[in-house]
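Student: What follows is start.cif; its format and atoms are mmCIF, C-alpha atoms, pLDDT in the B column; chains and numbers go by the auth columns.
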data_protein
loop_
_atom_site.group_PDB
_atom_site.id
_atom_site.type_symbol
_atom_site.label_atom_id
_atom_site.label_comp_id
_atom_site.label_asym_id
_atom_site.label_seq_id
_atom_site.Cartn_x
_atom_site.Cartn_y
_atom_site.Cartn_z
_atom_site.B_iso_or_equiv
_atom_site.auth_seq_id
_atom_site.auth_asym_id
ATOM 1 C CA MET A 1 87.811 98.340 95.421 54.00 1 S
ATOM 2 C CA ARG A 2 88.837 98.708 99.051 55.00 2 S
ATOM 3 C CA GLU A 3 92.426 97.913 99.920 60.00 3 S
ATOM 4 C CA THR A 4 92.918 95.714 102.935 71.00 4 S
ATOM 5 C CA GLY A 5 95.987 95.541 105.105 74.00 5 S
ATOM 6 C CA PRO A 6 97.887 92.418 105.994 82.00 6 S
ATOM 7 C CA VAL A 7 96.097 89.699 107.915 91.00 7 S
ATOM 8 C CA GLU A 8 96.630 89.987 111.672 94.00 8 S
ATOM 9 C CA ILE A 9 96.985 86.777 113.661 96.00 9 S
ATOM 10 C CA PRO A 10 96.424 87.092 117.424 97.00 10 S
ATOM 11 C CA VAL A 11 98.905 84.974 119.384 97.00 11 S
ATOM 12 C CA VAL A 12 99.529 84.597 123.119 98.00 12 S
ATOM 13 C CA GLY A 13 102.661 83.707 125.068 98.00 13 S
ATOM 14 C CA ALA A 14 103.171 82.564 128.658 98.00 14 S
ATOM 15 C CA VAL A 15 105.972 83.979 130.774 98.00 15 S
ATOM 16 C CA VAL A 16 106.056 81.208 133.358 98.00 16 S
ATOM 17 C CA VAL A 17 108.200 82.026 136.389 95.00 17 S
ATOM 18 C CA ARG A 18 109.303 79.412 138.923 94.00 18 S
ATOM 19 C CA ASP A 19 111.902 79.928 141.651 94.00 19 S
ATOM 20 C CA GLY A 20 113.075 83.125 139.964 94.00 20 S
ATOM 21 C CA LEU A 21 113.622 81.438 136.578 96.00 21 S
ATOM 22 C CA VAL A 22 111.684 81.959 133.339 98.00 22 S
ATOM 23 C CA LEU A 23 110.516 79.077 131.126 98.00 23 S
ATOM 24 C CA CYS A 24 111.806 79.445 127.563 98.00 24 S
ATOM 25 C CA ALA A 25 111.011 77.155 124.632 98.00 25 S
ATOM 26 C CA GLN A 26 113.071 76.566 121.502 98.00 26 S
ATOM 27 C CA ARG A 27 111.083 76.142 118.299 95.00 27 S
ATOM 28 C CA GLY A 28 111.449 72.801 116.549 92.00 28 S
ATOM 29 C CA PRO A 29 113.173 72.286 113.185 91.00 29 S
ATOM 30 C CA ASP A 30 110.003 71.787 111.131 87.00 30 S
ATOM 31 C CA GLY A 31 107.959 74.932 111.802 83.00 31 S
ATOM 32 C CA SER A 32 108.504 78.591 111.108 84.00 32 S
ATOM 33 C CA LEU A 33 111.570 80.233 112.673 88.00 33 S
ATOM 34 C CA PRO A 34 113.265 76.915 113.523 92.00 34 S
ATOM 35 C CA GLY A 35 115.683 77.084 116.429 95.00 35 S
ATOM 36 C CA LYS A 36 114.441 80.459 117.676 97.00 36 S
ATOM 37 C CA TRP A 37 113.418 80.809 121.306 98.00 37 S
ATOM 38 C CA GLU A 38 109.950 81.893 122.403 97.00 38 S
ATOM 39 C CA PHE A 39 107.608 82.092 125.310 98.00 39 S
ATOM 40 C CA PRO A 40 105.328 79.050 124.888 98.00 40 S
ATOM 41 C CA GLY A 41 101.804 79.682 123.650 97.00 41 S
ATOM 42 C CA GLY A 42 99.973 79.860 120.347 96.00 42 S
ATOM 43 C CA LYS A 43 97.143 81.235 118.268 97.00 43 S
ATOM 44 C CA VAL A 44 93.915 82.571 119.722 98.00 44 S
ATOM 45 C CA GLU A 45 91.007 80.718 118.111 97.00 45 S
ATOM 46 C CA PRO A 46 87.843 82.579 116.988 96.00 46 S
ATOM 47 C CA GLY A 47 85.558 83.233 119.956 96.00 47 S
ATOM 48 C CA GLU A 48 88.310 82.444 122.461 98.00 48 S
ATOM 49 C CA SER A 49 89.681 84.921 124.999 98.00 49 S
ATOM 50 C CA PRO A 50 93.452 85.474 125.037 98.00 50 S
ATOM 51 C CA ARG A 51 93.693 84.075 128.573 98.00 51 S
ATOM 52 C CA GLY A 52 91.592 81.044 127.666 98.00 52 S
ATOM 53 C CA ALA A 53 93.742 80.446 124.587 98.00 53 S
ATOM 54 C CA LEU A 54 96.880 80.556 126.702 98.00 54 S
ATOM 55 C CA VAL A 55 95.594 77.991 129.201 98.00 55 S
ATOM 56 C CA ARG A 56 94.584 75.710 126.292 98.00 56 S
ATOM 57 C CA GLU A 57 97.857 76.136 124.391 98.00 57 S
ATOM 58 C CA ILE A 58 100.037 75.451 127.441 98.00 58 S
ATOM 59 C CA ASP A 59 98.036 72.306 128.179 98.00 59 S
ATOM 60 C CA GLU A 60 98.383 71.164 124.531 96.00 60 S
ATOM 61 C CA GLU A 61 102.053 72.117 124.072 95.00 61 S
ATOM 62 C CA LEU A 62 103.521 71.399 127.492 97.00 62 S
ATOM 63 C CA GLY A 63 101.019 69.101 129.211 97.00 63 S
ATOM 64 C CA CYS A 64 100.687 71.329 132.257 97.00 64 S
ATOM 65 C CA THR A 65 98.326 73.910 133.711 98.00 65 S
ATOM 66 C CA VAL A 66 99.005 77.587 134.248 98.00 66 S
ATOM 67 C CA GLU A 67 97.159 80.389 135.957 98.00 67 S
ATOM 68 C CA VAL A 68 97.264 83.511 133.803 98.00 68 S
ATOM 69 C CA ASP A 69 98.067 86.755 135.603 98.00 69 S
ATOM 70 C CA GLU A 70 98.776 90.286 134.332 97.00 70 S
ATOM 71 C CA GLU A 71 99.416 91.182 130.714 97.00 71 S
ATOM 72 C CA ILE A 72 103.057 92.053 130.028 96.00 72 S
ATOM 73 C CA ALA A 73 103.175 93.404 126.486 94.00 73 S
ATOM 74 C CA THR A 74 101.463 93.328 123.111 96.00 74 S
ATOM 75 C CA SER A 75 103.696 93.620 120.085 92.00 75 S
ATOM 76 C CA PRO A 76 103.034 93.221 116.367 94.00 76 S
ATOM 77 C CA TYR A 77 105.560 91.524 114.099 92.00 77 S
ATOM 78 C CA ASP A 78 105.174 91.751 110.311 92.00 78 S
ATOM 79 C CA ASP A 79 106.879 88.780 108.689 84.00 79 S
ATOM 80 C CA GLY A 80 106.069 90.019 105.183 86.00 80 S
ATOM 81 C CA ARG A 81 103.019 87.766 104.773 88.00 81 S
ATOM 82 C CA VAL A 82 101.013 88.318 107.944 92.00 82 S
ATOM 83 C CA VAL A 83 101.229 90.426 111.079 95.00 83 S
ATOM 84 C CA VAL A 84 101.576 88.323 114.212 94.00 84 S
ATOM 85 C CA VAL A 85 100.232 90.254 117.208 96.00 85 S
ATOM 86 C CA LEU A 86 101.752 88.628 120.289 97.00 86 S
ATOM 87 C CA THR A 87 100.339 89.337 123.737 98.00 87 S
ATOM 88 C CA THR A 88 102.343 87.927 126.632 98.00 88 S
ATOM 89 C CA PHE A 89 101.141 87.320 130.174 98.00 89 S
ATOM 90 C CA TRP A 90 102.788 86.512 133.486 98.00 90 S
ATOM 91 C CA CYS A 91 101.792 82.934 134.367 98.00 91 S
ATOM 92 C CA ARG A 92 102.155 80.596 137.315 96.00 92 S
ATOM 93 C CA LEU A 93 102.533 76.856 136.971 96.00 93 S
ATOM 94 C CA VAL A 94 99.693 75.304 138.980 97.00 94 S
ATOM 95 C CA GLY A 95 99.636 71.711 137.748 97.00 95 S
ATOM 96 C CA GLY A 96 101.988 69.257 136.106 96.00 96 S
ATOM 97 C CA VAL A 97 105.533 69.623 134.843 96.00 97 S
ATOM 98 C CA PRO A 98 106.301 71.167 131.425 97.00 98 S
ATOM 99 C CA ARG A 99 107.330 68.491 128.938 96.00 99 S
ATOM 100 C CA LEU A 100 108.542 68.506 125.358 94.00 100 S
ATOM 101 C CA THR A 101 105.869 67.783 122.769 92.00 101 S
ATOM 102 C CA GLU A 102 106.328 70.419 120.048 90.00 102 S
ATOM 103 C CA HIS A 103 109.518 72.249 120.983 94.00 103 S
ATOM 104 C CA ALA A 104 113.138 71.172 120.495 96.00 104 S
ATOM 105 C CA GLU A 105 114.125 72.231 124.018 97.00 105 S
ATOM 106 C CA LEU A 106 112.703 73.731 127.196 98.00 106 S
ATOM 107 C CA ARG A 107 114.974 75.703 129.491 98.00 107 S
ATOM 108 C CA TRP A 108 114.526 77.550 132.802 98.00 108 S
ATOM 109 C CA VAL A 109 116.560 80.735 132.390 98.00 109 S
ATOM 110 C CA ALA A 110 117.645 83.417 134.840 96.00 110 S
ATOM 111 C CA PRO A 111 116.080 86.764 133.825 95.00 111 S
ATOM 112 C CA GLY A 112 119.520 88.319 133.408 93.00 112 S
ATOM 113 C CA ASP A 113 120.399 85.640 130.832 96.00 113 S
ATOM 114 C CA LEU A 114 117.290 85.990 128.643 97.00 114 S
ATOM 115 C CA ALA A 115 119.104 88.244 126.163 94.00 115 S
ATOM 116 C CA CYS A 116 121.646 85.460 125.519 96.00 116 S
ATOM 117 C CA LEU A 117 119.051 83.371 123.656 98.00 117 S
ATOM 118 C CA ASP A 118 118.228 83.823 119.956 98.00 118 S
ATOM 119 C CA TRP A 119 114.596 84.962 120.284 98.00 119 S
ATOM 120 C CA ALA A 120 111.821 84.933 117.684 95.00 120 S
ATOM 121 C CA PRO A 121 111.315 88.586 116.642 94.00 121 S
ATOM 122 C CA ALA A 122 107.764 88.835 118.013 93.00 122 S
ATOM 123 C CA ASP A 123 108.987 87.835 121.492 96.00 123 S
ATOM 124 C CA VAL A 124 111.818 90.385 121.755 95.00 124 S
ATOM 125 C CA PRO A 125 109.724 93.282 123.185 94.00 125 S
ATOM 126 C CA ALA A 126 108.363 91.008 125.938 95.00 126 S
ATOM 127 C CA VAL A 127 111.862 89.679 126.685 96.00 127 S
ATOM 128 C CA GLU A 128 113.002 93.256 127.279 95.00 128 S
ATOM 129 C CA VAL A 129 110.046 94.015 129.585 94.00 129 S
ATOM 130 C CA VAL A 130 110.544 90.779 131.554 95.00 130 S
ATOM 131 C CA ALA A 131 114.286 91.366 132.011 93.00 131 S
ATOM 132 C CA ALA A 132 113.655 94.971 133.094 93.00 132 S
ATOM 133 C CA ALA A 133 110.965 93.869 135.580 91.00 133 S
ATOM 134 C CA PHE A 134 113.443 91.590 137.335 87.00 134 S
ATOM 135 C CA ASN A 135 116.209 94.214 137.240 81.00 135 S
ATOM 136 C CA SER A 136 113.983 96.739 139.016 73.00 136 S
ATOM 137 C CA ALA A 137 112.686 94.273 141.606 60.00 137 S
#
So that I can check it, write out the structure of this file as structure tokens.

Tutor:
Amino acid sequence: MRETGPVEIPVVGAVVVRDGLVLCAQRGPDGSLPGKWEFPGGKVEPGESPRGALVREIDEELGCTVEVDEEIATSPYDDGRVVVVLTTFWCRLVGGVPRLTEHAELRWVAPGDLACLDWAPADVPAVEVVAAAFNSA
């Protein structure tokens, strides 16, 4: 019998930047990791590209349209049941205004203040890369 590893779930996150601020979303009370902050996004469906999934998820979750730019980071997070593999991308808001549908709160945050939020573990590596990118700019 062949042993299999934990199930990997591909997930994407949008680092939306507007006027030098980064869009951050706080998870609602009913899902996993309630109250933790994340870059908005979601699961990549079978047959879907990561960029296509991100455009779809942002439309579904925030009711707006983004243009997906460069990849920032890919980081696995093992929660003990599954391994979430989060890939984050720089994104630009090109249509609509982000609105609350699934999250408890949306906040535009200065890059230097990102570390002050209580982030979901899978997002932490991307938070560090994003903060460093603004510090070196």

Student: Check the smallest atom-to-atom distance from each of S:Val83, S:Ser49, S:Gly96, S:Gly20 to Asp113 in chain S using only C-alpha atoms, then report the winner.

Tutor: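 Among the listed residues, the smallest separation from Asp113 in chain S belongs to S:Gly20.
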
Student: As an mmCIF file with C-alpha atoms, keeping the file's coordinate frame, please: the residues near Thr88 in chain S (cut-off 12 Å, only C-alpha atoms, same-chain neighbours under 4 positions excluded).

Tutor:
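Saved as out.cif:
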data_model
loop_
_atom_site.group_PDB
_atom_site.id
_atom_site.type_symbol
_atom_site.label_atom_id
_atom_site.label_comp_id
_atom_site.auth_asym_id
_atom_site.auth_seq_id
_atom_site.Cartn_x
_atom_site.Cartn_y
_atom_site.Cartn_z
ATOM 1 C CA PRO S 10 96.424 87.092 117.424
ATOM 2 C CA VAL S 11 98.905 84.974 119.384
ATOM 3 C CA VAL S 12 99.529 84.597 123.119
ATOM 4 C CA GLY S 13 102.661 83.707 125.068
ATOM 5 C CA ALA S 14 103.171 82.564 128.658
ATOM 6 C CA VAL S 15 105.972 83.979 130.774
ATOM 7 C CA VAL S 16 106.056 81.208 133.358
ATOM 8 C CA GLU S 38 109.950 81.893 122.403
ATOM 9 C CA PHE S 39 107.608 82.092 125.310
ATOM 10 C CA PRO S 40 105.328 79.050 124.888
ATOM 11 C CA GLY S 41 101.804 79.682 123.650
ATOM 12 C CA GLY S 42 99.973 79.860 120.347
ATOM 13 C CA LYS S 43 97.143 81.235 118.268
ATOM 14 C CA PRO S 50 93.452 85.474 125.037
ATOM 15 C CA ARG S 51 93.693 84.075 128.573
ATOM 16 C CA ALA S 53 93.742 80.446 124.587
ATOM 17 C CA LEU S 54 96.880 80.556 126.702
ATOM 18 C CA VAL S 68 97.264 83.511 133.803
ATOM 19 C CA ASP S 69 98.067 86.755 135.603
ATOM 20 C CA GLU S 70 98.776 90.286 134.332
ATOM 21 C CA GLU S 71 99.416 91.182 130.714
ATOM 22 C CA ILE S 72 103.057 92.053 130.028
ATOM 23 C CA ALA S 73 103.175 93.404 126.486
ATOM 24 C CA THR S 74 101.463 93.328 123.111
ATOM 25 C CA SER S 75 103.696 93.620 120.085
ATOM 26 C CA PRO S 76 103.034 93.221 116.367
ATOM 27 C CA ALA S 122 107.764 88.835 118.013
ATOM 28 C CA ASP S 123 108.987 87.835 121.492
ATOM 29 C CA VAL S 124 111.818 90.385 121.755
ATOM 30 C CA PRO S 125 109.724 93.282 123.185
ATOM 31 C CA ALA S 126 108.363 91.008 125.938
ATOM 32 C CA VAL S 127 111.862 89.679 126.685
ATOM 33 C CA GLU S 128 113.002 93.256 127.279
ATOM 34 C CA VAL S 129 110.046 94.015 129.585
ATOM 35 C CA VAL S 130 110.544 90.779 131.554
#

Student: For CA of Pro111 in chain S and CA of Asp19 in chain S, determine how far apart the two atoms are, in Å to one decimal place.

Tutor: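 One can read the CA of Pro111 in chain S to CA of Asp19 in chain S distance as 11.2 Å.
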
Student: Out of S:Pro121, S:Pro46, S:Gly52, S:Gly63, which residue has the shortest atom-to-atom distance to Tyr77 in chain S when counting all atoms listed in the file?

Tutor: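 For Tyr77 in chain S, the nearest of the given residues is S:Pro121.
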
Student: Pro6 in chain S: which residues within 10 Å, counting all atoms listed in the file, same-chain residues fewer than 2 positions away excluded, as a list in words?

Tutor: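 The filter keeps Glu3, Thr4, Glu8, Ile9, Asp78, Gly80, Arg81, Val82, Val83 and Val84 of chain S.
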
Student: Any chance you could export the current selection's C-alpha atoms as a PDB file, in the coordinates of the input?

Tutor:
ATOM      1  CA  GLU S   3      92.426  97.913  99.920  1.00 60.00           C
ATOM      2  CA  THR S   4      92.918  95.714 102.935  1.00 71.00           C
ATOM      3  CA  GLU S   8      96.630  89.987 111.672  1.00 94.00           C
ATOM      4  CA  ILE S   9      96.985  86.777 113.661  1.00 96.00           C
ATOM      5  CA  ASP S  78     105.174  91.751 110.311  1.00 92.00           C
ATOM      6  CA  GLY S  80     106.069  90.019 105.183  1.00 86.00           C
ATOM      7  CA  ARG S  81     103.019  87.766 104.773  1.00 88.00           C
ATOM      8  CA  VAL S  82     101.013  88.318 107.944  1.00 92.00           C
ATOM      9  CA  VAL S  83     101.229  90.426 111.079  1.00 95.00           C
ATOM     10  CA  VAL S  84     101.576  88.323 114.212  1.00 94.00           C
TER      11      VAL S  84
END

Student: The PyMOL selection byres ((chain S and resi 100) around 12) - which residues does that actually catch in the file I just gave you? List them as a VMD selection string.

Tutor: chain S and resid 24 to 28 40 58 to 64 97 to 99 101 to 107

Student: Pull C-alpha atoms from the residues just selected and write them as a short mmCIF file (atom, residue, chain, number, x, y, z; two decimals), in the coordinates of the input.

Tutor:
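What ended up in part_32.cif:
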data_model
loop_
_atom_site.label_atom_id
_atom_site.label_comp_id
_atom_site.auth_asym_id
_atom_site.auth_seq_id
_atom_site.Cartn_x
_atom_site.Cartn_y
_atom_site.Cartn_z
CA CYS S 24 111.81 79.44 127.56
CA ALA S 25 111.01 77.16 124.63
CA GLN S 26 113.07 76.57 121.50
CA ARG S 27 111.08 76.14 118.30
CA GLY S 28 111.45 72.80 116.55
CA PRO S 40 105.33 79.05 124.89
CA ILE S 58 100.04 75.45 127.44
CA ASP S 59 98.04 72.31 128.18
CA GLU S 60 98.38 71.16 124.53
CA GLU S 61 102.05 72.12 124.07
CA LEU S 62 103.52 71.40 127.49
CA GLY S 63 101.02 69.10 129.21
CA CYS S 64 100.69 71.33 132.26
CA VAL S 97 105.53 69.62 134.84
CA PRO S 98 106.30 71.17 131.43
CA ARG S 99 107.33 68.49 128.94
CA THR S 101 105.87 67.78 122.77
CA GLU S 102 106.33 70.42 120.05
CA HIS S 103 109.52 72.25 120.98
CA ALA S 104 113.14 71.17 120.50
CA GLU S 105 114.12 72.23 124.02
CA LEU S 106 112.70 73.73 127.20
CA ARG S 107 114.97 75.70 129.49
#

Student: Could you check which of S:Phe89, S:Ser136, S:Gly35, S:Val17 is closest to Leu117 in chain S, using all atoms listed in the file?

Tutor: S:Gly35

Student: Run the PyMOL selection byres ((chain S and resi 66) around 7) on the file and write out the hits as a list in words.

Tutor: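 Evaluating the PyMOL selection byres ((chain S and resi 66) around 7) on these coordinates yields Val55, Cys64, Thr65, Glu67, Val68, Cys91, Arg92, Leu93, Val94 and Gly95 of chain S.
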
Student: Quick check, in Å to one decimal: how far apart do CA of Ala115 in chain S and CA of Gly31 in chain S lie?

Tutor: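 Separating CA of Ala115 in chain S from CA of Gly31 in chain S is a distance of 22.5 Å.
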
Student: What does the distance from CA of Trp37 in chain S to CA of Trp119 in chain S come to in Å, to one decimal?

Tutor: 4.4 Å

Student: Taking into account only C-alpha atoms, which residue in the set S:Leu86, S:Lys36, S:Leu114, S:Val109 is nearest to Val22 in chain S?

Tutor: S:Val109
